[in-house]
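Input: a single structure, listed below in structure tokens.
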Amino acid sequence: MDYAKLICKNAQLSVRGSKKIINEVLMGATKDSQEIAQLVIDSFVSEDYREGVHSFLEKRKPNFKYS
């Protein structure tokens, strides 16, 4: 339960993307699909990504907004 709570504190777009990528690999994927590539792009251009970078540089905990 503690580990699940820790994961939930992360940016949810990234958590959902990670789950999708893990499922693809477990199903035998050996290359990125267009869908996976788009998930990566979406995560890098998100407000939560910018919040994560800013919080790291400011040495504070991130305040992710999107679910």
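We name chains A, B, ... following the order of the structure tokens; residues begin at 1 in each chain, and ligands are numbered from 1 as shown.
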
Residues of range 1-40 of chain A that have any atom at most 12 Å from an atom of range 51-58 of chain A: could you tabulate them with the shortest-distance atom pair and the distance in Å to one decimal, using only C-alpha atoms, ordered by chain and increasing number, as a tab-separated table?
residue	atom	partner	partner_atom	distance
A:Lys9	CA	A:Gly52	CA	11.5
A:Asn10	CA	A:Gly52	CA	9.1
A:Ala11	CA	A:Gly52	CA	8.2
A:Gln12	CA	A:Gly52	CA	11.9
A:Ser14	CA	A:Gly52	CA	11.1

With N, CA, C and O atoms kept, could you save the residues just selected as a PDB file, in the first residue's frame?
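Writing the result to out_9.pdb gives the following:
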ATOM      1  N   LYS A   9       1.569   9.755  -6.076  1.00  0.00           N
ATOM      2  CA  LYS A   9       2.036  11.133  -5.895  1.00  0.00           C
ATOM      3  C   LYS A   9       2.713  11.678  -7.153  1.00  0.00           C
ATOM      4  O   LYS A   9       2.986  12.868  -7.236  1.00  0.00           O
ATOM      5  N   ASN A  10       2.990  10.817  -8.112  1.00  0.00           N
ATOM      6  CA  ASN A  10       3.639  11.240  -9.352  1.00  0.00           C
ATOM      7  C   ASN A  10       2.611  11.805 -10.332  1.00  0.00           C
ATOM      8  O   ASN A  10       1.412  11.640 -10.153  1.00  0.00           O
ATOM      9  N   ALA A  11       3.101  12.452 -11.365  1.00  0.00           N
ATOM     10  CA  ALA A  11       2.225  13.002 -12.400  1.00  0.00           C
ATOM     11  C   ALA A  11       1.430  11.858 -13.028  1.00  0.00           C
ATOM     12  O   ALA A  11       2.009  10.883 -13.508  1.00  0.00           O
ATOM     13  N   GLN A  12       0.125  11.975 -12.998  1.00  0.00           N
ATOM     14  CA  GLN A  12      -0.728  10.876 -13.440  1.00  0.00           C
ATOM     15  C   GLN A  12      -0.603  10.574 -14.931  1.00  0.00           C
ATOM     16  O   GLN A  12      -0.744   9.426 -15.344  1.00  0.00           O
ATOM     17  N   SER A  14       2.131  10.602 -16.557  1.00  0.00           N
ATOM     18  CA  SER A  14       3.320   9.747 -16.611  1.00  0.00           C
ATOM     19  C   SER A  14       3.035   8.351 -16.065  1.00  0.00           C
ATOM     20  O   SER A  14       3.522   7.356 -16.606  1.00  0.00           O
TER      21      SER A  14
END

Compile the contact shell of Ile21 in chain A as JSON, numbers by chain: residues with an atom at most 10 Å away, counting only C-alpha atoms, same-chain residues fewer than 6 positions apart removed.
{"A": [15, 27, 29, 32, 33, 35, 36, 37, 39, 40]}

Interatomic distance between CA of Asp48 in chain A and CA of Lys65 in chain A?
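Between these atoms lies a distance of 6.7 Å.
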